[in-house]
Amino acid sequence: MTGPLTVLDGPAPPRVALRLFDALRERALRRALPAANEAEADVLVVELRLGETVPADAAAFDGALLVLSDDPALAEDGAIPGVLPRAAGERQITAAAAALAAGLSVRVPTHREAHGFAAREAPVRNALTPREVEVLAAVGEGLSNKAIARRLDISAHTVKYHLEAIFAKLGVRSRAEAVTRGLRLGVHLL
């Protein structure tokens, strides 16, 4: 007869330092990932707005750097170990932090494959502004207008204005239709 079964644990989750704009998002990530100050962290997660560059102190960080940005130039910068869109969810960020701590690099696909049997519609070229794409991505995450306003640091009225413009440009009547149509038209929401 043998003794009790021993379960081997995997590697410990990485210790993560966060620099985010959204306090609610930061609190959720702190619950999901072991928090650390930057001197002790394995991974530093830095959120950047369009046009912002990686701060010098973050670029010099001793561990792995994960940048949350919608800037395509940053996504293509091979010097940054990890880049995800600002709209990345908690699970994506948690998985990316673990991958980076394990020595891997993290990038989002540059082209989204069509799923199912429906023919892919022609991509929308410059139909939506970068801000409208950010709003549409947040809608795709299920965020309310107030939550989108907080995340993007704009007013709820401005979010409503962007949604009206998105609906008109995509020819839809609901939030769900907007997200679905945006994906079919090749708008990169993640």
# chains A, B, ... in the order shown; residues from 1 in each chain; ligands from 1
>>> residues_around(residues="Arg150 in chain A", least_positions_apart="5", cutoff="9 Å", atoms="only C-alpha atoms", output="list of chain:residue names")
A:Phe21, A:Asp22, A:Asn145, A:Ser155, A:Ala156
>>> select_by_dssp(residues="chain A", states="strand (DSSP E or B)", output="list of chain:residue names")
A:Val16, A:Ala17, A:Leu18, A:Arg19, A:Ala35, A:Val43, A:Leu44, A:Val45, A:Val46, A:Glu47, A:Ala64, A:Leu65, A:Leu66, A:Val67, A:Leu68, A:Gly82, A:Val83, A:Leu84, A:Val106
>>> atom_distance(atom1="CA of Leu163 in chain A", atom2="CA of Arg151 in chain A")
15.2 Å
>>> closest_atom_pairs(of="range 86-178 of chain A", to="range 29-44 of chain A", cutoff="7 Å", atoms="only C-alpha atoms", output="tab-separated table")
residue	atom	partner	partner_atom	distance
A:Glu90	CA	A:Leu29	CA	6.3
A:Thr94	CA	A:Leu33	CA	6.9
A:Ala97	CA	A:Val43	CA	6.3
A:Ala101	CA	A:Asp42	CA	6.2
>>> residues_around(residues="Leu20 in chain A", least_positions_apart="6", cutoff="8 Å", atoms="only C-alpha atoms", output="PyMOL selection string")
chain A and resi 26+45-47
>>> residues_around(residues="Leu65 in chain A", least_positions_apart="6", cutoff="12 Å", atoms="only C-alpha atoms", output="PyMOL selection string")
chain A and resi 16-19+38+41-47+54-59+78-84+93+96-101+103-106
>>> select_by_dssp(residues="chain A", states="helix (DSSP H, G or I)", output="PyMOL selection string")
chain A and resi 23-32+56-59+72-75+90-101+130-140+145-152+156-170+175-184
>>> closest_residue(among="A:Pro85, A:Pro14, A:Gly171, A:Gly186", to="Val67 in chain A", atoms="only C-alpha atoms")
A:Pro85
>>> atom_distance(atom1="CA of Gly182 in chain A", atom2="CA of Arg25 in chain A")
24.4 Å
>>> residues_around(residues="Ala127 in chain A", least_positions_apart="4", cutoff="9 Å", atoms="only C-alpha atoms", output="PyMOL selection string")
chain A and resi 166+169-170
>>> write_last_selection(atoms="C-alpha atoms", output="compact mmCIF listing (two decimals), in the first residue's frame")
# COMPACT_ATOMS: atom_id res chain seq x y z
CA ILE A 166 -19.69 54.01 -34.49
CA LYS A 169 -20.42 54.21 -39.59
CA LEU A 170 -21.06 50.49 -39.12
>>> closest_residue(among="A:Val135, A:Ala75, A:Ala12, A:Ala95", to="Thr158 in chain A", atoms="only C-alpha atoms")
A:Val135
>>> atom_distance(atom1="CA of Ala64 in chain A", atom2="CA of Asp153 in chain A")
27.2 Å
